[in-house]
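For reference, upload_39.cif (mmCIF, C-alpha atoms):
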```
data_structure
#
loop_
_atom_site.label_atom_id
_atom_site.label_comp_id
_atom_site.auth_asym_id
_atom_site.auth_seq_id
_atom_site.Cartn_x
_atom_site.Cartn_y
_atom_site.Cartn_z
CA MET U 475 0.00 0.00 0.00
CA SER U 476 1.26 3.44 -0.83
CA PRO U 477 1.60 5.83 2.12
CA LEU U 478 -0.09 8.36 -0.16
CA GLN U 479 -3.21 6.17 -0.10
CA LEU U 480 -3.27 6.55 3.69
CA THR U 481 -3.94 10.25 3.27
CA GLN U 482 -7.33 9.58 1.65
CA VAL U 483 -10.14 10.73 3.91
CA ASP U 484 -12.02 7.45 4.28
CA VAL U 485 -9.26 4.90 3.73
CA VAL U 486 -9.58 3.26 7.17
CA GLU U 487 -13.35 2.92 6.80
CA TRP U 488 -12.91 1.55 3.28
CA ILE U 489 -10.39 -1.06 4.45
CA ASP U 490 -12.65 -2.02 7.36
CA ALA U 491 -15.69 -2.43 5.09
CA THR U 492 -13.69 -4.39 2.51
CA VAL U 493 -12.35 -6.80 5.11
CA GLN U 494 -15.83 -7.34 6.53
CA LYS U 495 -17.31 -7.83 3.06
CA ALA U 496 -14.61 -10.41 2.27
CA GLY U 497 -15.55 -12.27 5.44
CA ILE U 498 -12.03 -12.46 6.83
CA ALA U 499 -10.59 -11.37 10.13
CA HIS U 500 -8.77 -8.04 10.17
CA ALA U 501 -5.66 -9.86 11.43
CA GLN U 502 -5.56 -11.82 8.17
CA LEU U 503 -4.88 -8.61 6.27
CA HIS U 504 -1.21 -7.65 6.12
CA LEU U 505 -0.44 -4.24 4.65
CA GLU U 506 3.10 -3.46 3.53
CA LEU U 507 4.07 0.18 3.33
CA THR U 508 7.28 1.55 1.89
CA GLU U 509 9.74 3.20 4.21
CA SER U 510 10.40 6.44 2.34
CA ARG U 511 7.19 8.40 2.84
CA LEU U 512 6.46 6.95 6.26
CA LEU U 513 9.61 8.51 7.57
CA SER U 514 8.36 11.98 6.78
CA GLN U 515 6.88 11.80 10.30
CA ASP U 516 3.55 12.99 8.97
CA PRO U 517 1.13 12.93 11.95
CA LEU U 518 -1.76 11.96 9.64
CA LEU U 519 0.05 8.84 8.44
CA ARG U 520 0.89 7.83 11.99
CA HIS U 521 -2.75 8.38 13.01
CA ARG U 522 -4.05 6.26 10.14
CA LEU U 523 -1.60 3.47 10.94
CA THR U 524 -2.74 3.56 14.56
CA GLU U 525 -6.38 3.34 13.45
CA LEU U 526 -5.62 0.35 11.24
CA LYS U 527 -3.69 -1.32 14.04
CA ALA U 528 -6.67 -0.79 16.37
CA LEU U 529 -8.85 -2.67 13.86
CA GLY U 530 -6.41 -5.58 14.04
CA VAL U 531 -4.82 -5.10 10.61
CA ARG U 532 -1.21 -6.26 10.55
CA LEU U 533 1.33 -3.70 9.33
CA ALA U 534 4.76 -4.24 7.83
CA MET U 535 7.42 -1.94 6.44
CA ASP U 536 8.70 -2.77 2.99
CA ASP U 537 12.09 -1.71 1.63
CA TYR U 538 13.55 -0.97 5.06
CA GLY U 539 17.02 0.48 4.79
CA THR U 540 16.43 2.36 1.55
CA GLY U 541 15.57 5.57 3.40
CA ALA U 542 17.13 7.38 6.29
CA SER U 543 15.22 5.72 9.09
CA THR U 544 16.56 5.22 12.55
CA LEU U 545 15.68 2.44 14.95
CA ALA U 546 14.32 5.04 17.37
CA HIS U 547 11.87 6.30 14.77
CA LEU U 548 10.81 2.76 13.85
CA LYS U 549 9.98 2.03 17.48
CA GLU U 550 7.40 4.83 17.34
CA MET U 551 5.56 3.25 14.41
CA PRO U 552 2.92 0.55 14.97
CA PHE U 553 4.44 -2.12 12.73
CA ASP U 554 4.14 -5.84 13.35
CA LEU U 555 6.88 -6.93 10.97
#
```
Just give me the structure as structure tokens.
Amino acid sequence: MSPLQLTQVDVVEWIDATVQKAGIAHAQLHLELTESRLLSQDPLLRHRLTELKALGVRLAMDDYGTGASTLAHLKEMPFDL
């Protein structure tokens, strides 16, 4: 998933509805997000990730190490993998 998609107004509601319509548990959905934009420390992105995590969606960072992330910053993000 593109971090840009996380800025859409109803993206969390859309993901929730799609998961429910598919008849799967939220924990069965794993979203991978690229490192680059996530590290902009955009509060909206962090909020959306927290909302998804609260639904039970599993979150992973893709392409780690291609940006300028630090382990301290990664600890602040709600990733599972």
Evaluate the PyMOL selection byres ((chain U and resi 518-524) around 7) against this structure - the residues, as a PyMOL selection string, please. chain U and resi 480-481+486+516-517+525-528+551-552
To one decimal in Å, tell me the separation between atom CA of U:Arg532 and atom CA of U:Glu506.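 Separation between atom CA of U:Arg532 and atom CA of U:Glu506: 8.7 Å.
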Hits of the PyMOL selection byres ((chain U and resi 489) around 12) in this structure, as a VMD selection string: chain U and resid 475 479 to 480 482 to 488 490 to 496 498 to 500 503 to 505 522 to 523 525 to 527 529 to 531
